[in-house]
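Listing of input19.cif, mmCIF, C-alpha atoms
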data_data
loop_
_atom_site.label_atom_id
_atom_site.label_comp_id
_atom_site.auth_asym_id
_atom_site.auth_seq_id
_atom_site.Cartn_x
_atom_site.Cartn_y
_atom_site.Cartn_z
CA MET A 21 0.00 0.00 0.00
CA PRO A 22 1.34 3.43 -0.82
CA ILE A 23 -0.43 4.99 2.16
CA LYS A 24 1.40 5.60 5.37
CA SER A 25 1.08 2.70 7.74
CA TYR A 26 -1.00 3.19 10.84
CA ARG A 27 0.46 2.87 14.30
CA GLY A 28 -2.41 0.64 15.37
CA ILE A 29 -6.11 0.03 15.09
CA GLY A 30 -6.92 3.17 17.09
CA ASP A 31 -4.88 5.26 14.69
CA ARG A 32 -6.58 3.63 11.70
CA PHE A 33 -10.02 4.25 13.19
CA GLN A 34 -9.18 7.91 13.89
CA SER A 35 -8.07 8.43 10.30
CA GLU A 36 -10.81 6.45 8.59
CA TYR A 37 -13.96 6.66 10.69
CA LYS A 38 -15.42 9.38 8.45
CA ILE A 39 -15.14 6.98 5.50
CA TYR A 40 -16.93 4.17 7.39
CA LEU A 41 -19.76 6.49 8.39
CA ALA A 42 -20.07 7.99 4.91
CA VAL A 43 -20.22 4.54 3.33
CA LEU A 44 -22.82 3.41 5.84
CA VAL A 45 -25.01 6.42 4.99
CA ILE A 46 -24.43 5.93 1.24
CA VAL A 47 -25.36 2.24 1.51
CA ILE A 48 -28.60 3.09 3.33
CA ILE A 49 -29.55 5.70 0.71
CA ALA A 50 -28.58 3.39 -2.17
CA GLU A 51 -30.56 0.45 -0.77
CA LEU A 52 -33.58 2.67 -0.07
CA ILE A 53 -33.64 3.72 -3.73
CA GLY A 54 -33.37 0.03 -4.62
CA THR A 55 -33.07 -1.71 -7.97
CA LYS A 56 -34.76 0.25 -10.74
CA GLU A 57 -35.62 -1.00 -14.18
CA PHE A 58 -36.31 1.24 -17.15
CA SER A 59 -37.56 -0.30 -20.34
CA ILE A 60 -36.07 1.10 -23.49
CA GLY A 61 -37.52 -0.25 -26.71
CA PRO A 62 -37.27 -4.03 -26.54
CA GLY A 63 -34.66 -4.05 -23.76
CA ALA A 64 -34.26 -2.60 -20.32
CA MET A 65 -31.70 -0.70 -18.32
CA ILE A 66 -31.32 -1.94 -14.78
CA PHE A 67 -29.73 0.13 -12.06
CA PHE A 68 -28.54 -1.60 -8.91
CA PRO A 69 -27.82 0.03 -5.54
CA MET A 70 -24.12 -0.53 -6.20
CA PHE A 71 -24.32 1.99 -9.00
CA TYR A 72 -25.86 4.70 -6.82
CA GLY A 73 -23.24 3.88 -4.19
CA LEU A 74 -20.52 4.48 -6.75
CA ILE A 75 -21.99 7.81 -7.83
CA LEU A 76 -22.61 9.04 -4.28
CA GLY A 77 -19.06 8.01 -3.38
CA VAL A 78 -17.62 9.92 -6.33
CA LEU A 79 -19.56 13.02 -5.29
CA LEU A 80 -17.56 13.17 -2.04
CA VAL A 81 -14.10 13.28 -3.61
CA PRO A 82 -11.74 16.28 -3.47
CA GLN A 83 -12.32 17.34 -7.08
CA ILE A 84 -16.12 17.49 -6.69
CA THR A 85 -17.44 18.41 -3.25
CA GLY A 86 -14.22 18.00 -1.34
CA PHE A 87 -15.92 16.21 1.53
CA PHE A 88 -12.95 13.84 1.55
CA LYS A 89 -9.29 14.82 1.32
CA ILE A 90 -6.91 12.99 -0.96
CA LYS A 91 -5.53 11.11 2.05
CA GLU A 92 -8.94 9.57 2.71
CA VAL A 93 -9.46 8.81 -0.96
CA LYS A 94 -6.26 6.78 -0.88
CA ALA A 95 -7.33 4.94 2.26
CA ALA A 96 -10.62 4.02 0.55
CA SER A 97 -8.71 1.91 -2.02
CA THR A 98 -7.63 -0.50 0.69
CA LEU A 99 -11.18 -0.65 1.97
CA VAL A 100 -12.43 -1.67 -1.49
CA LEU A 101 -10.15 -4.68 -1.20
CA VAL A 102 -11.53 -5.67 2.20
CA ALA A 103 -15.15 -4.98 1.24
CA ILE A 104 -15.06 -7.16 -1.87
CA THR A 105 -13.48 -10.17 -0.15
CA PRO A 106 -16.53 -11.43 1.82
CA PHE A 107 -18.39 -11.26 -1.49
CA MET A 108 -15.75 -13.49 -3.05
CA ALA A 109 -16.14 -15.85 -0.10
CA LYS A 110 -19.86 -15.95 -0.86
CA LEU A 111 -19.14 -16.76 -4.51
CA GLY A 112 -16.90 -19.59 -3.30
CA VAL A 113 -19.69 -20.94 -1.10
CA MET A 114 -22.15 -20.76 -3.99
CA ALA A 115 -19.66 -22.58 -6.21
CA GLY A 116 -19.25 -25.32 -3.59
CA GLY A 117 -23.01 -25.76 -3.32
CA ASN A 118 -23.28 -25.98 -7.10
CA LEU A 119 -20.43 -28.46 -7.50
CA PRO A 120 -22.70 -31.51 -8.02
CA LYS A 121 -24.47 -29.72 -10.89
CA LEU A 122 -21.13 -29.33 -12.66
CA VAL A 123 -21.03 -33.07 -13.16
CA GLU A 124 -24.44 -33.07 -14.77
CA VAL A 125 -23.76 -30.45 -17.44
CA GLY A 126 -22.43 -31.57 -20.77
CA PRO A 127 -19.03 -30.94 -22.38
CA ALA A 128 -20.37 -28.13 -24.57
CA LEU A 129 -21.36 -26.11 -21.55
CA VAL A 130 -17.94 -26.50 -19.95
CA LEU A 131 -15.91 -25.88 -23.10
CA GLN A 132 -17.83 -22.77 -24.14
CA GLU A 133 -16.51 -21.12 -20.99
CA PHE A 134 -13.20 -20.94 -22.83
CA GLY A 135 -14.92 -19.11 -25.65
CA ASN A 136 -14.99 -16.19 -23.25
CA LEU A 137 -11.22 -15.94 -23.66
CA GLY A 138 -11.50 -15.17 -27.37
CA THR A 139 -12.51 -11.64 -26.56
CA ILE A 140 -8.98 -10.85 -25.29
CA LEU A 141 -7.52 -11.39 -28.76
CA ILE A 142 -9.78 -8.73 -30.27
CA ALA A 143 -10.40 -6.28 -27.46
CA LEU A 144 -6.85 -6.02 -26.13
CA PRO A 145 -5.26 -4.84 -29.39
CA LEU A 146 -8.09 -2.33 -29.76
CA ALA A 147 -7.50 -1.03 -26.25
CA ILE A 148 -3.78 -0.61 -26.95
CA LEU A 149 -4.56 1.11 -30.24
CA LEU A 150 -6.75 3.56 -28.34
CA GLY A 151 -3.78 4.46 -26.17
CA LEU A 152 -4.61 2.55 -23.02
CA LYS A 153 -1.69 1.22 -21.03
CA ARG A 154 -1.99 -1.48 -18.38
CA GLU A 155 -5.67 -0.55 -17.94
CA ALA A 156 -6.13 -2.61 -21.10
CA ILE A 157 -5.28 -5.84 -19.26
CA GLY A 158 -7.95 -5.35 -16.64
CA ALA A 159 -10.49 -4.05 -19.13
CA THR A 160 -10.29 -6.87 -21.65
CA HIS A 161 -9.44 -10.02 -19.68
CA SER A 162 -13.14 -10.85 -19.16
CA ILE A 163 -16.50 -9.14 -19.15
CA CYS A 164 -15.48 -7.56 -15.84
CA ARG A 165 -18.31 -8.48 -13.52
CA GLU A 166 -18.13 -8.49 -9.73
CA SER A 167 -16.02 -11.63 -9.40
CA ASN A 168 -13.52 -10.37 -11.98
CA LEU A 169 -13.32 -7.04 -10.19
CA GLY A 170 -12.58 -8.87 -6.94
CA LEU A 171 -9.89 -10.96 -8.60
CA VAL A 172 -8.14 -8.08 -10.36
CA THR A 173 -8.29 -5.90 -7.21
CA HIS A 174 -6.51 -8.66 -5.32
CA VAL A 175 -3.99 -9.64 -7.99
CA TYR A 176 -2.88 -6.16 -9.07
CA GLY A 177 -3.89 -4.11 -6.03
CA PRO A 178 -6.73 -1.64 -5.55
CA ASP A 179 -4.60 1.27 -6.81
CA SER A 180 -3.38 -0.37 -10.01
CA PRO A 181 -4.18 0.69 -13.57
CA GLU A 182 -5.38 -2.89 -14.19
CA THR A 183 -8.06 -2.49 -11.52
CA ARG A 184 -9.01 0.88 -12.99
CA GLY A 185 -9.56 -0.81 -16.34
CA THR A 186 -11.73 -3.55 -14.86
CA LEU A 187 -13.74 -1.03 -12.85
CA SER A 188 -14.36 1.06 -15.97
CA ILE A 189 -15.76 -1.88 -17.93
CA TYR A 190 -17.66 -2.98 -14.85
CA VAL A 191 -19.44 0.38 -14.67
CA ILE A 192 -20.07 0.44 -18.41
CA GLY A 193 -21.49 -3.07 -18.14
CA TYR A 194 -23.86 -1.72 -15.54
CA ILE A 195 -25.09 1.02 -17.81
CA ILE A 196 -25.26 -0.68 -21.19
CA GLY A 197 -24.56 -4.37 -20.49
CA VAL A 198 -28.11 -5.56 -19.94
CA ILE A 199 -29.59 -3.83 -22.95
CA TYR A 200 -26.58 -4.74 -25.07
CA PHE A 201 -26.73 -8.46 -24.25
CA GLY A 202 -30.39 -8.41 -25.27
CA PHE A 203 -29.37 -6.79 -28.53
CA LEU A 204 -26.53 -9.29 -29.07
CA ALA A 205 -28.93 -12.20 -28.61
CA SER A 206 -31.39 -10.90 -31.18
CA ALA A 207 -28.60 -9.95 -33.62
CA ALA A 208 -27.01 -13.39 -33.31
CA ALA A 209 -30.37 -15.13 -33.72
CA SER A 210 -31.12 -13.17 -36.89
CA MET A 211 -27.83 -14.35 -38.42
CA LYS A 212 -29.36 -17.84 -38.37
CA ILE A 213 -25.99 -19.60 -38.16
CA PHE A 214 -26.13 -20.46 -34.46
CA HIS A 215 -28.29 -23.05 -32.79
CA PRO A 216 -30.56 -21.45 -30.16
CA LEU A 217 -29.00 -23.65 -27.48
CA ALA A 218 -25.50 -22.43 -28.40
CA LEU A 219 -26.76 -18.88 -28.00
CA ALA A 220 -28.37 -19.77 -24.69
CA MET A 221 -24.99 -20.98 -23.43
CA ALA A 222 -23.29 -17.83 -24.71
CA SER A 223 -25.76 -15.75 -22.69
CA GLY A 224 -24.29 -16.91 -19.40
CA ALA A 225 -21.07 -15.00 -19.08
CA GLY A 226 -21.03 -14.22 -15.39
CA SER A 227 -23.70 -11.57 -15.07
CA GLY A 228 -27.13 -12.70 -13.94
CA SER A 229 -28.90 -9.63 -15.27
CA MET A 230 -27.22 -9.76 -18.66
CA MET A 231 -27.95 -13.47 -18.92
CA ALA A 232 -31.62 -12.87 -18.04
CA ALA A 233 -31.91 -10.17 -20.70
CA SER A 234 -30.28 -12.30 -23.36
CA THR A 235 -32.11 -15.57 -22.66
CA GLY A 236 -35.35 -13.59 -22.34
CA VAL A 237 -34.91 -12.32 -25.89
CA LEU A 238 -33.99 -15.80 -27.17
CA ALA A 239 -36.95 -17.44 -25.44
CA ASN A 240 -39.17 -14.94 -27.24
CA ILE A 241 -37.67 -15.72 -30.63
CA TYR A 242 -37.74 -19.51 -30.10
CA PRO A 243 -40.83 -20.06 -27.93
CA ASP A 244 -40.85 -23.86 -28.43
CA MET A 245 -37.37 -24.07 -26.93
CA ALA A 246 -37.92 -21.40 -24.30
CA GLU A 247 -37.54 -23.68 -21.31
CA ASP A 248 -34.27 -25.27 -22.47
CA ILE A 249 -32.88 -21.84 -23.31
CA LEU A 250 -33.62 -20.46 -19.86
CA VAL A 251 -32.22 -23.52 -18.08
CA LEU A 252 -29.03 -23.64 -20.18
CA GLY A 253 -28.45 -19.90 -19.85
CA ALA A 254 -28.74 -20.09 -16.08
CA ALA A 255 -26.49 -23.19 -15.95
CA SER A 256 -23.86 -21.49 -18.08
CA ASP A 257 -23.97 -18.40 -15.90
CA MET A 258 -23.66 -20.53 -12.78
CA LEU A 259 -20.71 -22.35 -14.34
CA THR A 260 -18.93 -19.07 -15.02
CA GLY A 261 -19.50 -18.27 -11.36
CA VAL A 262 -17.76 -21.52 -10.39
CA THR A 263 -14.93 -21.46 -12.91
CA GLY A 264 -14.55 -17.71 -13.52
CA LEU A 265 -12.06 -17.02 -10.77
CA TYR A 266 -9.79 -19.92 -11.71
CA VAL A 267 -9.96 -19.29 -15.45
CA GLY A 268 -9.29 -15.62 -14.74
CA LEU A 269 -6.35 -16.22 -12.44
CA PHE A 270 -4.64 -19.03 -14.32
CA ILE A 271 -5.54 -18.33 -17.96
CA ALA A 272 -7.20 -15.01 -18.78
CA LEU A 273 -5.01 -12.62 -16.76
CA PRO A 274 -1.67 -14.27 -17.69
CA LEU A 275 -2.78 -14.40 -21.33
CA ALA A 276 -3.86 -10.75 -21.34
CA THR A 277 -0.66 -9.68 -19.56
CA LYS A 278 1.62 -11.59 -21.95
CA LEU A 279 -0.23 -10.33 -24.99
CA TYR A 280 -0.11 -6.77 -23.66
CA GLU A 281 3.62 -6.96 -23.02
CA PHE A 282 4.15 -8.34 -26.52
CA LEU A 283 1.89 -5.91 -28.38
CA GLU A 284 2.24 -2.64 -26.52
CA PRO A 285 5.86 -1.82 -27.48
CA ARG A 286 5.19 -2.89 -31.06
CA MET A 287 2.02 -0.86 -31.43
CA ARG A 288 3.27 2.27 -29.68
CA LYS A 289 3.89 4.11 -32.95
CA ILE A 290 0.40 3.60 -34.29
CA SER A 291 -1.47 3.98 -31.00
CA LEU A 292 -3.30 7.08 -29.86
CA LYS A 293 -1.47 9.11 -27.28
CA SER A 294 -2.97 9.18 -23.85
CA ALA A 295 -2.28 11.88 -21.28
CA SER A 296 -2.69 9.43 -18.45
CA THR A 297 0.31 7.32 -19.39
CA VAL A 298 2.35 8.65 -16.49
CA PRO A 299 0.11 7.85 -13.57
CA ASN A 300 2.71 8.76 -10.97
CA ALA A 301 3.35 12.24 -12.28
CA GLU A 302 -0.38 12.77 -12.52
CA GLU A 303 -0.92 11.66 -8.97
CA GLU A 304 1.74 14.05 -7.79
CA SER A 305 0.05 17.01 -9.42
CA LYS A 306 -3.29 16.04 -7.94
CA HIS A 307 -1.67 15.87 -4.58
CA GLU A 308 -0.68 19.49 -4.92
CA ASN A 309 -4.15 20.51 -6.06
CA ALA A 310 -5.61 18.88 -3.00
CA MET B 28 -2.00 -5.25 5.97
CA LYS B 29 -1.75 -7.38 9.03
CA MET B 30 -4.26 -9.91 10.37
CA ARG B 31 -5.24 -7.32 12.97
CA ASP B 32 -6.19 -4.77 10.29
CA TRP B 33 -8.11 -7.34 8.27
CA THR B 34 -10.06 -8.41 11.36
CA PHE B 35 -10.92 -4.85 12.30
CA LEU B 36 -11.92 -3.81 8.77
CA LEU B 37 -13.94 -7.00 8.28
CA ILE B 38 -15.98 -6.08 11.36
CA ILE B 39 -16.72 -2.66 9.86
CA VAL B 40 -17.57 -4.18 6.47
CA SER B 41 -19.74 -6.87 8.11
CA ILE B 42 -21.78 -4.21 9.91
CA ILE B 43 -22.30 -2.37 6.63
CA ILE B 44 -23.35 -5.61 4.88
CA ILE B 45 -25.86 -6.35 7.67
CA VAL B 46 -27.37 -2.87 7.27
CA SER B 47 -27.40 -3.21 3.49
CA ASN B 48 -29.11 -6.59 3.73
CA PHE B 49 -31.72 -5.14 6.09
CA VAL B 50 -32.52 -1.93 4.20
CA GLY B 51 -32.36 -3.39 0.71
CA TYR B 52 -33.54 -6.95 1.14
CA ASP B 53 -35.63 -6.88 4.36
CA VAL B 54 -33.53 -9.46 6.18
CA ALA B 55 -33.64 -8.78 9.94
CA MET B 56 -30.25 -7.75 11.27
CA MET B 57 -30.02 -10.65 13.74
CA GLU B 58 -30.78 -13.08 10.92
CA SER B 59 -27.79 -11.83 8.92
CA ILE B 60 -25.23 -12.16 11.68
CA PRO B 61 -24.29 -15.86 11.30
CA GLY B 62 -23.97 -15.45 7.53
CA VAL B 63 -21.66 -12.43 7.63
CA LEU B 64 -19.60 -14.06 10.38
CA ILE B 65 -19.10 -17.14 8.21
CA LEU B 66 -18.05 -14.99 5.24
CA ALA B 67 -15.67 -12.97 7.43
CA ALA B 68 -14.22 -16.18 8.90
CA ILE B 69 -13.64 -17.65 5.42
CA THR B 70 -11.89 -14.40 4.46
CA LEU B 71 -9.61 -14.50 7.53
CA ILE B 72 -8.76 -18.17 7.07
CA GLY B 73 -7.98 -17.38 3.43
CA TYR B 74 -5.72 -14.57 4.57
CA GLY B 75 -3.98 -16.90 7.04
CA ALA B 76 -3.58 -19.59 4.36
CA SER B 77 -1.96 -17.13 1.96
CA LYS B 78 0.60 -16.26 4.65
CA VAL B 79 1.32 -19.87 5.66
CA ILE B 80 1.30 -21.65 2.30
CA PRO B 81 4.55 -20.86 0.47
CA LEU B 82 2.99 -20.60 -3.01
CA LYS B 83 2.93 -17.24 -4.73
CA MET B 84 -0.84 -17.17 -5.05
CA PRO B 85 -3.10 -14.26 -4.20
CA MET B 86 -5.15 -14.53 -1.04
CA ILE B 87 -8.36 -14.40 -3.08
CA LEU B 88 -7.66 -17.90 -4.44
CA TYR B 89 -7.59 -19.31 -0.92
CA VAL B 90 -10.70 -17.38 0.09
CA SER B 91 -12.55 -18.81 -2.90
CA LEU B 92 -11.25 -22.35 -2.39
CA ILE B 93 -12.08 -22.37 1.33
CA GLY B 94 -15.61 -21.13 0.55
CA LEU B 95 -15.91 -23.91 -2.02
CA ILE B 96 -14.60 -26.59 0.34
CA VAL B 97 -16.80 -25.71 3.32
CA ALA B 98 -19.90 -25.63 1.10
CA CYS B 99 -19.27 -28.67 -1.09
CA PRO B 100 -21.38 -31.77 -0.44
CA ILE B 101 -18.70 -33.70 1.46
CA SER B 102 -18.25 -30.90 4.01
CA PRO B 103 -20.03 -31.70 7.29
CA VAL B 104 -21.05 -28.05 7.69
CA SER B 105 -22.16 -27.46 4.11
CA ASP B 106 -25.90 -27.27 4.87
CA PHE B 107 -25.38 -24.78 7.68
CA VAL B 108 -22.94 -22.65 5.66
CA ILE B 109 -25.16 -22.58 2.57
CA GLU B 110 -28.29 -21.81 4.58
CA GLN B 111 -26.76 -19.01 6.65
CA THR B 112 -24.81 -17.32 3.85
CA GLY B 113 -27.89 -17.72 1.66
CA LYS B 114 -29.57 -15.10 3.87
CA ILE B 115 -27.00 -12.57 2.72
CA SER B 116 -28.35 -11.29 -0.57
CA PHE B 117 -25.97 -11.68 -3.49
CA MET B 118 -25.78 -7.95 -4.16
CA ALA B 119 -25.79 -6.70 -0.55
CA PRO B 120 -21.99 -6.85 -0.08
CA VAL B 121 -21.53 -5.24 -3.48
CA THR B 122 -23.32 -2.02 -2.54
CA ALA B 123 -20.64 -1.17 0.01
CA VAL B 124 -17.95 -2.04 -2.53
CA GLY B 125 -19.54 0.52 -4.84
CA ALA B 126 -19.46 3.25 -2.20
CA PHE B 127 -15.82 2.58 -1.27
CA ALA B 128 -14.84 2.34 -4.94
CA GLY B 129 -16.62 5.63 -5.70
CA ILE B 130 -14.60 7.39 -3.02
CA ALA B 131 -11.40 5.68 -4.17
CA MET B 132 -12.07 6.82 -7.74
CA GLY B 133 -11.34 10.36 -6.57
CA LYS B 134 -7.68 9.62 -7.07
CA ASP B 135 -8.06 8.78 -10.73
CA LEU B 136 -11.09 10.80 -11.74
CA LYS B 137 -9.15 12.48 -14.53
CA ALA B 138 -8.01 9.17 -15.95
CA PHE B 139 -11.54 7.77 -15.77
CA LYS B 140 -12.97 10.83 -17.54
CA GLU B 141 -10.29 10.83 -20.21
CA GLN B 142 -10.72 7.16 -20.96
CA SER B 143 -14.48 7.03 -20.73
CA TRP B 144 -15.36 7.07 -24.45
CA LYS B 145 -12.57 4.62 -25.19
CA MET B 146 -13.81 2.35 -22.44
CA VAL B 147 -17.35 2.39 -23.84
CA LEU B 148 -15.96 1.24 -27.18
CA ILE B 149 -13.78 -1.42 -25.54
CA GLY B 150 -16.69 -2.55 -23.36
CA ILE B 151 -18.85 -3.11 -26.41
CA VAL B 152 -16.09 -5.14 -28.09
CA VAL B 153 -15.47 -7.14 -24.89
CA PHE B 154 -19.17 -8.01 -24.53
CA THR B 155 -19.50 -8.85 -28.22
CA GLY B 156 -16.34 -10.97 -28.21
CA THR B 157 -17.36 -12.87 -25.10
CA PHE B 158 -20.82 -13.61 -26.45
CA PHE B 159 -19.75 -14.73 -29.91
CA GLY B 160 -16.66 -16.54 -28.60
CA SER B 161 -18.88 -18.67 -26.38
CA ALA B 162 -21.51 -19.12 -29.08
CA ILE B 163 -18.94 -20.35 -31.62
CA VAL B 164 -17.36 -22.85 -29.22
CA ALA B 165 -20.77 -24.04 -28.02
CA GLN B 166 -21.99 -24.43 -31.60
CA ILE B 167 -18.94 -26.49 -32.60
CA VAL B 168 -19.03 -28.74 -29.53
CA LEU B 169 -22.77 -29.29 -29.79
CA LYS B 170 -22.30 -30.31 -33.44
CA LEU B 171 -19.34 -32.58 -32.69
CA THR B 172 -21.20 -34.33 -29.89
CA ASN B 173 -24.29 -34.66 -32.10
CA ALA B 174 -26.38 -32.82 -29.53
CA ILE B 175 -27.93 -30.66 -32.27
#
This structure in structure tokens:
Amino acid sequence: MPIKSYRGIGDRFQSEYKIYLAVLVIVIIAELIGTKEFSIGPGAMIFFPMFYGLILGVLLVPQITGFFKIKEVKAASTLVLVAITPFMAKLGVMAGGNLPKLVEVGPALVLQEFGNLGTILIALPLAILLGLKREAIGATHSICRESNLGLVTHVYGPDSPETRGTLSIYVIGYIIGVIYFGFLASAAASMKIFHPLALAMASGAGSGSMMAASTGVLANIYPDMAEDILVLGAASDMLTGVTGLYVGLFIALPLATKLYEFLEPRMRKISLKSASTVPNAEEESKHENA
Amino acid sequence: MKMRDWTFLLIIVSIIIIVSNFVGYDVAMMESIPGVLILAAITLIGYGASKVIPLKMPMILYVSLIGLIVACPISPVSDFVIEQTGKISFMAPVTAVGAFAGIAMGKDLKAFKEQSWKMVLIGIVVFTGTFFGSAIVAQIVLKLTNAI
């Protein structure tokens, strides 16, 4: 951690209690608003309390309302790490409970999980081309849902560019992911080259709400297969929940990192320039502003 | 961070999760206590394991594996663990993560703003690639195994 170390728990509490209280208040407000769904055309946008929490948290930072000083902002990074870990424990428990179901599902369902990796080969070069640095690794290693965010936060640290990349895609997934997965399902169905059951499996990529949107659309297009589609989509999503962390840790992140380290120096000439390539210098200047 | 810090911060986070679970999902606070304690205990054991086991693996792997082991069918406590943690709504712990992450974003707000349009583009490609990647593999395997 780049923050100064505390002398003890009392010292930590003194320095951070405002953050705990603010988060408690934010959580209460966010949960009171609750999950909201807005239908847009054939799809829907779903907002979860986490999203309001994120926005309310951002409002308190030095550059906006200044409720928190930069010192507290830095301390909050560590707290993200602690806060996400019980959630990862819960995912582990759910995976353990679902273990028997893993045996029941067929080889197609298991193997298509690896199809998720294909996205790295396309999205990572694009991210580098757009001038992203190590953010690209976090952003493109998976579809960046909660479990991926937890993994990347732990592997690269809450302050890392990799985590920033994952968090960005996570937030974007919140805003457009549900409606976009619905759109993908109908677009893929209209191509008429995929079997509906293959599309049902593709719908489960680690986000329950995206999976529901996508299988919902498919069930509408293929009403006589609706039940199988919904069951397979849910099973595939559950499977990503079980395998996601291990695939991420042992395959997706090393693959994305290696590919980044290979491509980035070679693509530097043709990539867009990005002002945020020197994160340390930038942080220094912010420090002075604060 | 030391074990002491993890323990202290987990208590704070557990309280927030209990409140979140009560306000958002109507689970009485007393009802949530065993579940959050189990999750906090799994986290601490995972932390301990990462310190004791001499493999260079992140703590999160141990946390996940311990959760999996205590809840799998051969575990003698699996029913209790699944029942109690089942009372903690899936998204309740995530709300607090959002609030902490929002505050932590203050450090990099400029980078987030600068990259936002690029990230939207990348996000769309990531989602598209994931979906079609899975669909292609599923299609091929279903064909090869004569399932369709």
Find the nearest atom pair between each residue of stretch 55-173 of chain B and stretch 179-191 of chain A for residues within 12 Å, count only C-alpha atoms, give distances in Å to one decimal, sort rows by chain and ascending number, and present the table as a Markdown table.
| residue | atom | partner | partner_atom | distance |
| --- | --- | --- | --- | --- |
| B:Val124 | CA | A:Leu187 | CA | 11.2 |
| B:Gly125 | CA | A:Val191 | CA | 9.8 |
| B:Ala128 | CA | A:Leu187 | CA | 8.7 |
| B:Gly129 | CA | A:Leu187 | CA | 10.2 |
| B:Ala131 | CA | A:Asp179 | CA | 8.5 |
| B:Met132 | CA | A:Arg184 | CA | 8.5 |
| B:Gly133 | CA | A:Asp179 | CA | 11.3 |
| B:Lys134 | CA | A:Asp179 | CA | 8.9 |
| B:Asp135 | CA | A:Arg184 | CA | 8.3 |
| B:Leu136 | CA | A:Arg184 | CA | 10.2 |
| B:Lys137 | CA | A:Arg184 | CA | 11.7 |
| B:Ala138 | CA | A:Arg184 | CA | 8.9 |
| B:Phe139 | CA | A:Ser188 | CA | 7.3 |
| B:Lys140 | CA | A:Ser188 | CA | 10.0 |
| B:Glu141 | CA | A:Ser188 | CA | 11.4 |
| B:Gln142 | CA | A:Ser188 | CA | 8.7 |
| B:Ser143 | CA | A:Ser188 | CA | 7.6 |
| B:Trp144 | CA | A:Ser188 | CA | 10.4 |
| B:Lys145 | CA | A:Ser188 | CA | 10.0 |
| B:Met146 | CA | A:Ile189 | CA | 6.5 |
| B:Val147 | CA | A:Ile189 | CA | 7.5 |
| B:Leu148 | CA | A:Ile189 | CA | 9.8 |
| B:Ile149 | CA | A:Ile189 | CA | 7.9 |
| B:Gly150 | CA | A:Ile189 | CA | 5.5 |
| B:Ile151 | CA | A:Ile189 | CA | 9.1 |
| B:Val152 | CA | A:Ile189 | CA | 10.7 |
| B:Val153 | CA | A:Ile189 | CA | 8.7 |
| B:Phe154 | CA | A:Ile189 | CA | 9.6 |
Please compute the atom CA of A:Met211-atom CA of A:Thr160 distance, one decimal, in Å.
25.4 Å
Of the listed residues B:Gly73, B:Pro103, B:Pro81, B:Pro61, that which approaches chain A most closely, counting only C-alpha atoms:
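Smallest distance to chain A is found for B:Gly73.
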Which residues, written as a PyMOL selection string, have at least one atom at most 10 Å from A:Pro82, with all atoms listed in the file counted and residues fewer than 4 positions away on the same chain left out?
(chain A and resi 78+86-93+306+309-310) or (chain B and resi 130+133-134+136)
Written as a VMD selection string, which residues does the PyMOL selection byres ((chain A and resi 95-112) around 8) give for the file shown?
(chain A and resid 21 23 36 39 91 to 94 113 to 116 167 170 173 to 174 177 to 179 261 to 262) or (chain B and resid 33 36 to 37 40 63 66 to 67 69 to 70 87 90 to 95 112 117 120 to 121 123 to 124 127 to 128 130 to 131)
Can you spit out the residues from that selection as a compact mmCIF listing (two decimals), in the coordinates of the input, using C-alpha atoms?
# COMPACT_ATOMS: atom_id res chain seq x y z
CA MET A 21 0.00 0.00 0.00
CA ILE A 23 -0.43 4.99 2.16
CA GLU A 36 -10.81 6.45 8.59
CA ILE A 39 -15.14 6.98 5.50
CA LYS A 91 -5.53 11.11 2.05
CA GLU A 92 -8.94 9.57 2.71
CA VAL A 93 -9.46 8.81 -0.96
CA LYS A 94 -6.26 6.78 -0.88
CA VAL A 113 -19.69 -20.94 -1.10
CA MET A 114 -22.15 -20.76 -3.99
CA ALA A 115 -19.66 -22.58 -6.21
CA GLY A 116 -19.25 -25.32 -3.59
CA SER A 167 -16.02 -11.63 -9.40
CA GLY A 170 -12.58 -8.87 -6.94
CA THR A 173 -8.29 -5.90 -7.21
CA HIS A 174 -6.51 -8.66 -5.32
CA GLY A 177 -3.89 -4.11 -6.03
CA PRO A 178 -6.73 -1.64 -5.55
CA ASP A 179 -4.60 1.27 -6.81
CA GLY A 261 -19.50 -18.27 -11.36
CA VAL A 262 -17.76 -21.52 -10.39
CA TRP B 33 -8.11 -7.34 8.27
CA LEU B 36 -11.92 -3.81 8.77
CA LEU B 37 -13.94 -7.00 8.28
CA VAL B 40 -17.57 -4.18 6.47
CA VAL B 63 -21.66 -12.43 7.63
CA LEU B 66 -18.05 -14.99 5.24
CA ALA B 67 -15.67 -12.97 7.43
CA ILE B 69 -13.64 -17.65 5.42
CA THR B 70 -11.89 -14.40 4.46
CA ILE B 87 -8.36 -14.40 -3.08
CA VAL B 90 -10.70 -17.38 0.09
CA SER B 91 -12.55 -18.81 -2.90
CA LEU B 92 -11.25 -22.35 -2.39
CA ILE B 93 -12.08 -22.37 1.33
CA GLY B 94 -15.61 -21.13 0.55
CA LEU B 95 -15.91 -23.91 -2.02
CA THR B 112 -24.81 -17.32 3.85
CA PHE B 117 -25.97 -11.68 -3.49
CA PRO B 120 -21.99 -6.85 -0.08
CA VAL B 121 -21.53 -5.24 -3.48
CA ALA B 123 -20.64 -1.17 0.01
CA VAL B 124 -17.95 -2.04 -2.53
CA PHE B 127 -15.82 2.58 -1.27
CA ALA B 128 -14.84 2.34 -4.94
CA ILE B 130 -14.60 7.39 -3.02
CA ALA B 131 -11.40 5.68 -4.17
Which residue gives the smallest distance to chain A among B:Ser116, B:Ser47, B:Ser102, B:Gln111, with only C-alpha atoms counted?
B:Ser47
